[in-house]
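**Q** Dropping the structure in here first, questions after.
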Amino acid sequence: MPVSGKIAEFMERSSWIRKMFEQGTLLKGEHGPDNVFDFSLGNPNLEPSASVKEAILTAASDKSPSLHAYMPNAGLPATRAAVARKIIKEEGFQIDEKTIVMTVGAGGAMNVALKTILNPGDEVIIPKPFFVEYVFYVDNHGGKPVLVPTKTDFSLDIAAIEGAITPSTAAIVINSPNNPTGKVYSQAEIDELAVLLRKKSAEIGRAVTLISDEPYRGIIYDGIAVPSILKSYANSMIVTSFSKDLSLPGERLGYIAMNPAMEKAQQTYDGLVLCNRILGFVNAPALIQRAVQTCLEDIVDVSVYKRRRDRLYDALTGFGYDLVRPQGAFYLFPKSPIDDDVAFVNVLQKKLVLTVPGTGFGQPGYFRIAYCVSDATIEGSLKGFEEAIKEVKS
């Protein structure tokens, strides 16, 4: 049998988004693409800025020698220095290129970070709901995911996290702005978490690493600020990418920014660089590393996402849906109007509206709407959303 039992199980557990995407393809073939309203994928539909496109053309046209040769596994020094300047400007935290590793997207960054710090059987705490791949990333490196609830508004439940920490706890992974909820953890939450992690690290005799997954950091609304975990907690790392804020998901470029005050900092950094290589990434793509050096702050027009958030939020709450207003990213995560979120997603599907059940994100009873879609898709979907909730409540 070519597929292992574990992978067969993982394929089934991770299939919700894929299933909805595949079903959408069938429905579009049957009803026409303009008549199916697909909110299943978090694939940004805004184009990169003109300056980002120009930077890519400039980098591709450069005739300097050895541009396509091997590079340091940590990435191009000039790109890492540019990332450091971005962090200093945005977070007010002093860092340099010597604690930054360029990676193959945020997914590559997360895998590199986990491989570096995990021993077999180590536990990684993950607040729910969560990006579904986290549990597979932890398993990739011999770890055990430990899922903990968040509060009703999706803020961190510090007591639940404290109760989950054991002598086997190696890390906690947070994601803010969050996929699938759009929640941004406040400065007070991050500070409280940092106090807890310092206390528990001392109690269990090992430093618990805080890993913050931040690909949506630039997509925030209503004057909300994303706190700096690097400023709040020494044993911390950011993993992120340029997929969302620069709209470059296909270019697969991200980075790890490690707090230079981390315990055994140099050894940890050397481990990150080694793992970037031996996981098979070797280094992040060279062309896009060169291109983004001058345009790291050229974020897409966030007002477009905000307008779409507001339109959907106002419409859905008007129809009777119960949901927390997102503070960032481009997702809504309403409660299902019936207990069975999978059944309700199927009702929506019959209305040609494609969403993803919260079960796929570790949070049954909810469903995710990815509003990184056209305005026409949003407007066309509203009738289906209204009819679906009326149908199940009648």
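The way I read the labels, and the way they are meant: chains A, B, ... in the order of the structure tokens, residue 1 as the first residue of every chain, and ligand 1 as the first ligand shown, with later ones counted on from there.
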If you count only C-alpha atoms, which residues fall within 12 Å of Lys19 (chain A), apart from same-chain ones fewer than 3 positions away, as a list in words?

**A**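 Contacts, with the query itself left out: Met11, Glu12, Arg13, Ser14, Ser15, Trp16, Glu22, Gln23, Gly24, Thr25, Leu26, Ser40, Leu41, Val342, Val345, Asn346, Gln349, Leu354, Thr355, Val356, Pro357 and Gly360 of chain A.
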
**Q** Extract, using only C-alpha atoms, all DNA, RNA and protein residues at most 8 Å from region 160-175 of chain A, discarding same-chain residues fewer than 6 positions from it, and format them as a list of chain:residue names.

**A**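 Contacts, with the query itself left out: A:Ile117, A:Leu118, A:Gly121, A:Asp122, A:Glu123, A:Val124, A:Ile125, A:Ile126, A:Pro127, A:Phe130, A:Val146, A:Val148, A:Pro149, A:Thr150, A:Leu196, A:Lys200, A:Ile204, A:Gly205, A:Arg206, A:Ala207, A:Val208, A:Thr209, A:Leu210, A:Ile211, A:Ser212, A:Asp213, A:Glu214.
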
**Q** Would you write out those residues with N, CA and C atoms, as a PDB file, in the first residue's frame?

**A**
```
ATOM      1  N   ILE A 117      13.140  23.037  17.602  1.00  0.00           N
ATOM      2  CA  ILE A 117      12.963  23.064  19.060  1.00  0.00           C
ATOM      3  C   ILE A 117      12.366  21.794  19.651  1.00  0.00           C
ATOM      4  N   LEU A 118      11.765  20.917  18.819  1.00  0.00           N
ATOM      5  CA  LEU A 118      11.032  19.785  19.385  1.00  0.00           C
ATOM      6  C   LEU A 118      11.888  18.534  19.548  1.00  0.00           C
ATOM      7  N   GLY A 121       7.930  13.540  21.274  1.00  0.00           N
ATOM      8  CA  GLY A 121       6.977  13.531  22.374  1.00  0.00           C
ATOM      9  C   GLY A 121       6.726  14.874  23.011  1.00  0.00           C
ATOM     10  N   ASP A 122       7.464  15.907  22.626  1.00  0.00           N
ATOM     11  CA  ASP A 122       7.217  17.237  23.171  1.00  0.00           C
ATOM     12  C   ASP A 122       5.816  17.718  22.788  1.00  0.00           C
ATOM     13  N   GLU A 123       5.235  18.514  23.673  1.00  0.00           N
ATOM     14  CA  GLU A 123       3.881  19.014  23.461  1.00  0.00           C
ATOM     15  C   GLU A 123       3.900  20.455  22.969  1.00  0.00           C
ATOM     16  N   VAL A 124       2.971  20.760  22.064  1.00  0.00           N
ATOM     17  CA  VAL A 124       2.809  22.114  21.531  1.00  0.00           C
ATOM     18  C   VAL A 124       1.361  22.528  21.745  1.00  0.00           C
ATOM     19  N   ILE A 125       1.156  23.576  22.513  1.00  0.00           N
ATOM     20  CA  ILE A 125      -0.192  24.065  22.817  1.00  0.00           C
ATOM     21  C   ILE A 125      -0.689  24.925  21.658  1.00  0.00           C
ATOM     22  N   ILE A 126      -1.940  24.676  21.231  1.00  0.00           N
ATOM     23  CA  ILE A 126      -2.537  25.405  20.116  1.00  0.00           C
ATOM     24  C   ILE A 126      -3.942  25.841  20.527  1.00  0.00           C
ATOM     25  N   PRO A 127      -4.203  27.145  20.656  1.00  0.00           N
ATOM     26  CA  PRO A 127      -5.563  27.602  20.959  1.00  0.00           C
ATOM     27  C   PRO A 127      -6.508  27.328  19.788  1.00  0.00           C
ATOM     28  N   PHE A 130      -8.086  26.982  15.001  1.00  0.00           N
ATOM     29  CA  PHE A 130      -6.717  27.140  14.530  1.00  0.00           C
ATOM     30  C   PHE A 130      -6.620  26.762  13.061  1.00  0.00           C
ATOM     31  N   VAL A 146      -1.519  19.911  21.575  1.00  0.00           N
ATOM     32  CA  VAL A 146      -2.427  19.983  22.721  1.00  0.00           C
ATOM     33  C   VAL A 146      -3.365  21.156  22.462  1.00  0.00           C
ATOM     34  N   VAL A 148      -6.350  23.780  23.120  1.00  0.00           N
ATOM     35  CA  VAL A 148      -7.016  24.430  24.254  1.00  0.00           C
ATOM     36  C   VAL A 148      -8.076  25.394  23.728  1.00  0.00           C
ATOM     37  N   PRO A 149      -9.152  25.600  24.481  1.00  0.00           N
ATOM     38  CA  PRO A 149     -10.211  26.504  24.016  1.00  0.00           C
ATOM     39  C   PRO A 149      -9.806  27.969  24.167  1.00  0.00           C
ATOM     40  N   THR A 150     -10.470  28.807  23.411  1.00  0.00           N
ATOM     41  CA  THR A 150     -10.412  30.254  23.634  1.00  0.00           C
ATOM     42  C   THR A 150     -11.759  30.683  24.228  1.00  0.00           C
ATOM     43  N   LEU A 196       2.680  34.349  32.298  1.00  0.00           N
ATOM     44  CA  LEU A 196       2.414  32.928  32.540  1.00  0.00           C
ATOM     45  C   LEU A 196       3.560  32.058  32.037  1.00  0.00           C
ATOM     46  N   LYS A 200       5.724  29.506  34.246  1.00  0.00           N
ATOM     47  CA  LYS A 200       5.672  28.064  34.018  1.00  0.00           C
ATOM     48  C   LYS A 200       7.002  27.519  33.508  1.00  0.00           C
ATOM     49  N   ILE A 204       8.729  24.296  35.300  1.00  0.00           N
ATOM     50  CA  ILE A 204       8.985  22.999  34.650  1.00  0.00           C
ATOM     51  C   ILE A 204      10.444  22.818  34.268  1.00  0.00           C
ATOM     52  N   GLY A 205      11.247  23.861  34.453  1.00  0.00           N
ATOM     53  CA  GLY A 205      12.679  23.729  34.214  1.00  0.00           C
ATOM     54  C   GLY A 205      13.075  23.732  32.749  1.00  0.00           C
ATOM     55  N   ARG A 206      12.242  24.294  31.876  1.00  0.00           N
ATOM     56  CA  ARG A 206      12.604  24.449  30.467  1.00  0.00           C
ATOM     57  C   ARG A 206      11.880  25.669  29.916  1.00  0.00           C
ATOM     58  N   ALA A 207      12.497  26.339  28.970  1.00  0.00           N
ATOM     59  CA  ALA A 207      11.889  27.528  28.377  1.00  0.00           C
ATOM     60  C   ALA A 207      10.808  27.118  27.391  1.00  0.00           C
ATOM     61  N   VAL A 208       9.597  27.591  27.609  1.00  0.00           N
ATOM     62  CA  VAL A 208       8.505  27.367  26.668  1.00  0.00           C
ATOM     63  C   VAL A 208       8.594  28.440  25.585  1.00  0.00           C
ATOM     64  N   THR A 209       8.715  28.018  24.338  1.00  0.00           N
ATOM     65  CA  THR A 209       8.859  28.952  23.226  1.00  0.00           C
ATOM     66  C   THR A 209       7.490  29.417  22.749  1.00  0.00           C
ATOM     67  N   LEU A 210       7.348  30.721  22.591  1.00  0.00           N
ATOM     68  CA  LEU A 210       6.135  31.304  22.029  1.00  0.00           C
ATOM     69  C   LEU A 210       6.384  31.557  20.541  1.00  0.00           C
ATOM     70  N   ILE A 211       5.608  30.885  19.688  1.00  0.00           N
ATOM     71  CA  ILE A 211       5.710  31.062  18.240  1.00  0.00           C
ATOM     72  C   ILE A 211       4.447  31.771  17.775  1.00  0.00           C
ATOM     73  N   SER A 212       4.619  32.927  17.163  1.00  0.00           N
ATOM     74  CA  SER A 212       3.478  33.701  16.688  1.00  0.00           C
ATOM     75  C   SER A 212       3.458  33.688  15.167  1.00  0.00           C
ATOM     76  N   ASP A 213       2.383  33.143  14.613  1.00  0.00           N
ATOM     77  CA  ASP A 213       2.205  33.043  13.168  1.00  0.00           C
ATOM     78  C   ASP A 213       1.469  34.296  12.711  1.00  0.00           C
ATOM     79  N   GLU A 214       2.125  35.141  11.897  1.00  0.00           N
ATOM     80  CA  GLU A 214       1.603  36.490  11.645  1.00  0.00           C
ATOM     81  C   GLU A 214       1.504  36.883  10.171  1.00  0.00           C
TER      82      GLU A 214
END
```

**Q** I need the strand (DSSP E) residues of region 106-143 of chain A per DSSP on the backbone, written as a CSV table (one decimal) with N, CA and C atoms, in the first residue's frame.

**A**
```
chain,number,residue,atom,x,y,z
A,123,GLU,N,5.2,18.5,23.7
A,123,GLU,CA,3.9,19.0,23.5
A,123,GLU,C,3.9,20.5,23.0
A,124,VAL,N,3.0,20.8,22.1
A,124,VAL,CA,2.8,22.1,21.5
A,124,VAL,C,1.4,22.5,21.7
A,125,ILE,N,1.2,23.6,22.5
A,125,ILE,CA,-0.2,24.1,22.8
A,125,ILE,C,-0.7,24.9,21.7
A,126,ILE,N,-1.9,24.7,21.2
A,126,ILE,CA,-2.5,25.4,20.1
A,126,ILE,C,-3.9,25.8,20.5
A,127,PRO,N,-4.2,27.1,20.7
A,127,PRO,CA,-5.6,27.6,21.0
A,127,PRO,C,-6.5,27.3,19.8
```

**Q** I'd like the contact shell of Val347 (chain A) - 10 Å cut-off, only C-alpha atoms, skipping same-chain residues fewer than 2 positions apart - returned as a PyMOL selection string.

**A** chain A and resi 341-345+349-354+384-385+387-389+391-392

**Q** Between A:Ile88, A:Ile288, A:Ala113, A:Val132, which is the closest to Phe361 (chain A) once you count only C-alpha atoms?

**A** A:Val132

**Q** For Pro72 (chain A), list every protein, DNA or RNA residue within 10 Å, evaluated using only C-alpha atoms, and leave out those in the same chain fewer than 6 positions away; present the list as JSON, numbers by chain.

**A** {"A": [101, 102, 273, 277, 282, 283, 284]}

**Q** Can you tell me, as a PyMOL selection string, what residues are no more than 10 Å from Leu46 (chain A) when counting only C-alpha atoms, ignoring any on the same chain fewer than 5 positions away?

**A** chain A and resi 244-248+300-302+304-305+372-374

**Q** With only C-alpha atoms as the atoms that count, which of A:Gly182, A:Ala265, A:Ser336, A:Gly250 lies nearest to Asn43 (chain A)?

**A**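 Of all the options, A:Gly250 lies closest to Asn43 (chain A).
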